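Here is the structure we will look at.
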Amino acid sequence: MRDALTGLARGAAQWRDVAALTRQVLLEHQARTNVQEALIVPLDPTLPDARQWESARCATLPTTRGLRISAKPWAPSDDETAEADLRQVYAGESRRVLTVPADPFWTEALGQQFTHYTSHGQRQAARTVATAPPGATVIACLPTGQGKTEVAWASVLPATRQGGVAIMVVPTVVLALDMERRLRQHLHDCGDAAELPAHTPTPADWTTRRRRRSAAISAPPNNAS
């Protein structure tokens, strides 16, 4: 928040940054205290005006000292259960509260210990992936620690058990290594018969490979005799 406010004067931040962060702070406070607080914001040309605050889902009320700002919560209109998941995020509760019973396909795909979903959001994502037609694209947006990885595993592990090949693409080498480590541990805990290579490349291995590849590309060709 401090960076956003100081960045306004330098042009390094915009009013949307300040409005979004202010709303987030108010929602987090409300979730942790069960008290809906408001914030008095002075009228300043560098700060959002009433229309801009409203567009950022904040309620405004003019006062003698400025604008009284309060945050409006949001959840998908067709899924009331998402409100509970959002409150958990705002409250900073990163632990997994297993209160949503799993569907049979979820337990069958991941193992007998997966008797519950971590949230209603994970259940919706898992069901969407499971019922998606061939060739479909599903975008699953879940908070950190709410089980996006398991949603992906539930869709690919059954195929590998039937002799198929499943490809998971991740953006970084470090994430790929962590994914392999977690998958190995998962398969070990489940007693799964799926086989993985015995050696897990380390970051040092990948660094060595990149250096060798760069050296091979930059090496000048031998002079013809």
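Ligands are numbered from 1 in the order shown, chains are lettered A, B, ... in the order of the structure tokens, and residues start at 1 in each chain.
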Inset, instruction - Compile the contact shell of Met179 in chain A as a PyMOL selection string: residues with an atom at most 12 Å away, counting only C-alpha atoms, same-chain residues fewer than 5 positions apart removed. - result: chain A and resi 148-150+152-153+168-174+184-186+200
Those residues you just picked out, can you put them in a file as an mmCIF file, in the first residue's frame with C-alpha atoms?
data_model
loop_
_atom_site.group_PDB
_atom_site.id
_atom_site.type_symbol
_atom_site.label_atom_id
_atom_site.label_comp_id
_atom_site.auth_asym_id
_atom_site.auth_seq_id
_atom_site.Cartn_x
_atom_site.Cartn_y
_atom_site.Cartn_z
ATOM 1 C CA LYS A 148 -4.993 -26.722 -7.971
ATOM 2 C CA THR A 149 -2.288 -29.372 -8.350
ATOM 3 C CA GLU A 150 -4.609 -32.153 -7.198
ATOM 4 C CA ALA A 152 -4.649 -31.521 -12.465
ATOM 5 C CA TRP A 153 -3.496 -34.859 -11.062
ATOM 6 C CA MET A 168 1.849 -31.387 -17.443
ATOM 7 C CA VAL A 169 3.445 -28.073 -18.422
ATOM 8 C CA VAL A 170 4.658 -25.690 -15.699
ATOM 9 C CA PRO A 171 6.340 -22.303 -16.194
ATOM 10 C CA THR A 172 9.677 -22.829 -14.414
ATOM 11 C CA VAL A 173 12.259 -25.565 -13.878
ATOM 12 C CA VAL A 174 12.049 -25.132 -10.105
ATOM 13 C CA ARG A 184 6.679 -39.154 -6.280
ATOM 14 C CA GLN A 185 5.649 -38.731 -2.651
ATOM 15 C CA HIS A 186 1.976 -38.950 -3.578
ATOM 16 C CA THR A 200 15.262 -36.737 -10.276
#
Inset, instruction - Might you pull out every residue within 10 Å of Ala140 in chain A, with only C-alpha atoms counted and same-chain residues fewer than 2 positions away left off, and present them as a ChimeraX atom specification? - result: /A:121-122,124-126,128-129,137-138,142-143,148,151-152
Preceding selection exported with all heavy atoms as a tab-separated table (two decimals), in the first residue's frame:
chain	number	residue	atom	x	y	z
A	121	GLY	N	-14.63	-24.44	-3.90
A	121	GLY	CA	-14.01	-24.05	-5.16
A	121	GLY	C	-13.25	-25.19	-5.81
A	121	GLY	O	-13.32	-25.39	-7.03
A	122	GLN	N	-12.54	-25.98	-4.99
A	122	GLN	CA	-11.82	-27.12	-5.55
A	122	GLN	C	-12.80	-28.16	-6.09
A	122	GLN	O	-12.56	-28.75	-7.15
A	122	GLN	CB	-10.93	-27.76	-4.49
A	122	GLN	CG	-10.01	-28.83	-5.09
A	122	GLN	CD	-9.30	-29.65	-4.03
A	122	GLN	OE1	-9.92	-30.14	-3.09
A	122	GLN	NE2	-7.99	-29.80	-4.18
A	124	GLN	N	-15.76	-27.59	-7.36
A	124	GLN	CA	-16.30	-27.08	-8.62
A	124	GLN	C	-15.28	-27.23	-9.74
A	124	GLN	O	-15.63	-27.61	-10.87
A	124	GLN	CB	-16.71	-25.62	-8.47
A	124	GLN	CG	-17.34	-25.03	-9.72
A	124	GLN	CD	-17.85	-23.62	-9.50
A	124	GLN	OE1	-17.91	-23.14	-8.38
A	124	GLN	NE2	-18.21	-22.95	-10.57
A	125	ALA	N	-14.00	-26.92	-9.44
A	125	ALA	CA	-12.96	-27.07	-10.46
A	125	ALA	C	-12.79	-28.51	-10.87
A	125	ALA	O	-12.67	-28.83	-12.06
A	125	ALA	CB	-11.64	-26.51	-9.93
A	126	ALA	N	-12.78	-29.42	-9.90
A	126	ALA	CA	-12.60	-30.84	-10.20
A	126	ALA	C	-13.75	-31.38	-11.04
A	126	ALA	O	-13.54	-32.13	-12.00
A	126	ALA	CB	-12.47	-31.63	-8.90
A	128	THR	N	-15.69	-29.65	-13.00
A	128	THR	CA	-15.64	-29.04	-14.33
A	128	THR	C	-14.63	-29.76	-15.21
A	128	THR	O	-14.90	-30.04	-16.38
A	128	THR	CB	-15.27	-27.56	-14.21
A	128	THR	OG1	-16.24	-26.88	-13.40
A	128	THR	CG2	-15.22	-26.89	-15.58
A	129	VAL	N	-13.46	-30.06	-14.66
A	129	VAL	CA	-12.43	-30.77	-15.44
A	129	VAL	C	-12.92	-32.18	-15.79
A	129	VAL	O	-12.73	-32.65	-16.92
A	129	VAL	CB	-11.12	-30.82	-14.65
A	129	VAL	CG1	-10.12	-31.75	-15.34
A	129	VAL	CG2	-10.52	-29.43	-14.51
A	137	THR	N	-10.90	-26.46	-22.93
A	137	THR	CA	-9.94	-25.73	-22.10
A	137	THR	C	-10.64	-25.26	-20.83
A	137	THR	O	-11.70	-24.64	-20.90
A	137	THR	CB	-9.38	-24.50	-22.84
A	137	THR	OG1	-8.68	-24.95	-24.02
A	137	THR	CG2	-8.42	-23.73	-21.96
A	138	VAL	N	-10.05	-25.58	-19.69
A	138	VAL	CA	-10.62	-25.19	-18.40
A	138	VAL	C	-9.60	-24.32	-17.68
A	138	VAL	O	-8.44	-24.69	-17.55
A	138	VAL	CB	-10.96	-26.42	-17.53
A	138	VAL	CG1	-11.47	-25.98	-16.16
A	138	VAL	CG2	-11.99	-27.28	-18.23
A	142	LEU	N	-7.84	-20.79	-8.21
A	142	LEU	CA	-8.05	-21.06	-6.79
A	142	LEU	C	-6.95	-20.39	-5.98
A	142	LEU	O	-5.84	-20.20	-6.47
A	142	LEU	CB	-8.02	-22.58	-6.52
A	142	LEU	CG	-9.12	-23.43	-7.16
A	142	LEU	CD1	-8.83	-24.91	-6.95
A	142	LEU	CD2	-10.48	-23.07	-6.60
A	143	PRO	N	-7.23	-20.05	-4.72
A	143	PRO	CA	-6.19	-19.43	-3.88
A	143	PRO	C	-5.02	-20.39	-3.65
A	143	PRO	O	-5.13	-21.60	-3.81
A	143	PRO	CB	-6.92	-19.14	-2.56
A	143	PRO	CG	-8.37	-19.13	-2.91
A	143	PRO	CD	-8.53	-20.12	-4.02
A	148	LYS	N	-4.96	-26.73	-6.50
A	148	LYS	CA	-4.99	-26.72	-7.97
A	148	LYS	C	-4.22	-27.91	-8.54
A	148	LYS	O	-4.61	-28.50	-9.54
A	148	LYS	CB	-4.41	-25.41	-8.50
A	148	LYS	CG	-5.23	-24.18	-8.19
A	148	LYS	CD	-4.66	-22.94	-8.83
A	148	LYS	CE	-3.33	-22.54	-8.19
A	148	LYS	NZ	-3.50	-22.07	-6.79
A	151	VAL	N	-6.23	-31.04	-8.63
A	151	VAL	CA	-7.22	-31.01	-9.71
A	151	VAL	C	-6.58	-31.50	-11.01
A	151	VAL	O	-7.18	-32.27	-11.77
A	151	VAL	CB	-7.79	-29.59	-9.89
A	151	VAL	CG1	-8.65	-29.50	-11.14
A	151	VAL	CG2	-8.61	-29.19	-8.67
A	152	ALA	N	-5.35	-31.07	-11.26
A	152	ALA	CA	-4.65	-31.52	-12.47
A	152	ALA	C	-4.32	-33.01	-12.38
A	152	ALA	O	-4.50	-33.75	-13.35
A	152	ALA	CB	-3.38	-30.70	-12.67
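Residue nearest Arg127 in chain A within the list A:Ser155, A:Thr160, A:Gln14, A:Ser55: A:Ser155 [criterion: smallest interatomic distance, only C-alpha atoms].
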Inset, instruction - Mind giving me the straight-line distance from CA of His120 in chain A to CA of Ile139 in chain A in Å, one decimal? - result: 15.9 Å
Legend entry - CA of Val35 in chain A to CA of Arg123 in chain A, straight-line distance in Å: 29.5 Å
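Residue neighbourhood of Arg51 in chain A, excluding near-sequence residues (fewer than 3 positions): A:Trp15, A:Arg16, A:Ala19, A:Leu47, A:Pro48, A:Glu54, A:Ser55, A:Ala56, A:Arg57, A:Cys58, A:Ala59, A:Thr60, A:Leu61, A:Pro62, A:Leu67, A:Ile69, at 12 Å, using only C-alpha atoms.
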Could you write those residues out with C-alpha atoms, as a compact mmCIF listing (two decimals), in the first residue's frame?
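The file below, part-v4.txt, is the result:
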# COMPACT_ATOMS: atom_id res chain seq x y z
CA TRP A 15 -5.61 5.02 -8.90
CA ARG A 16 -6.71 1.43 -9.54
CA ALA A 19 -8.42 1.43 -4.77
CA LEU A 47 -6.36 9.84 -5.03
CA PRO A 48 -9.37 8.07 -6.57
CA GLU A 54 -17.36 2.84 -6.81
CA SER A 55 -15.93 1.16 -9.91
CA ALA A 56 -13.53 -0.71 -7.61
CA ARG A 57 -16.51 -2.10 -5.65
CA CYS A 58 -16.20 0.31 -2.73
CA ALA A 59 -19.12 2.20 -1.25
CA THR A 60 -18.59 5.94 -0.76
CA LEU A 61 -20.22 8.52 1.49
CA PRO A 62 -19.21 12.21 1.44
CA LEU A 67 -14.92 10.28 1.46
CA ILE A 69 -14.89 4.27 2.01
Inset, instruction - Pick out the residues sitting within 10 Å of Thr64 in chain A, and hand them over as a PyMOL selection string; count only C-alpha atoms, and ignore anything fewer than 4 positions along from it in its own chain. - result: chain A and resi 40+42-43+68
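What separates CA of Val25 in chain A from CA of Ala12 in chain A is a distance of 20.7 Å.
Closest to Glu28 in chain A among A:Leu183, A:Cys190, A:Ala166, A:Ala71 is A:Ala71, based on only C-alpha atoms.
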Inset, instruction - Give the helix (DSSP H, G or I) residues of range 28-191 of chain A, as assigned by DSSP on the backbone, as a VMD selection string. - result: chain A and resid 28 to 33 50 to 55 82 to 90 104 to 110 120 to 131 148 to 161 173 to 190
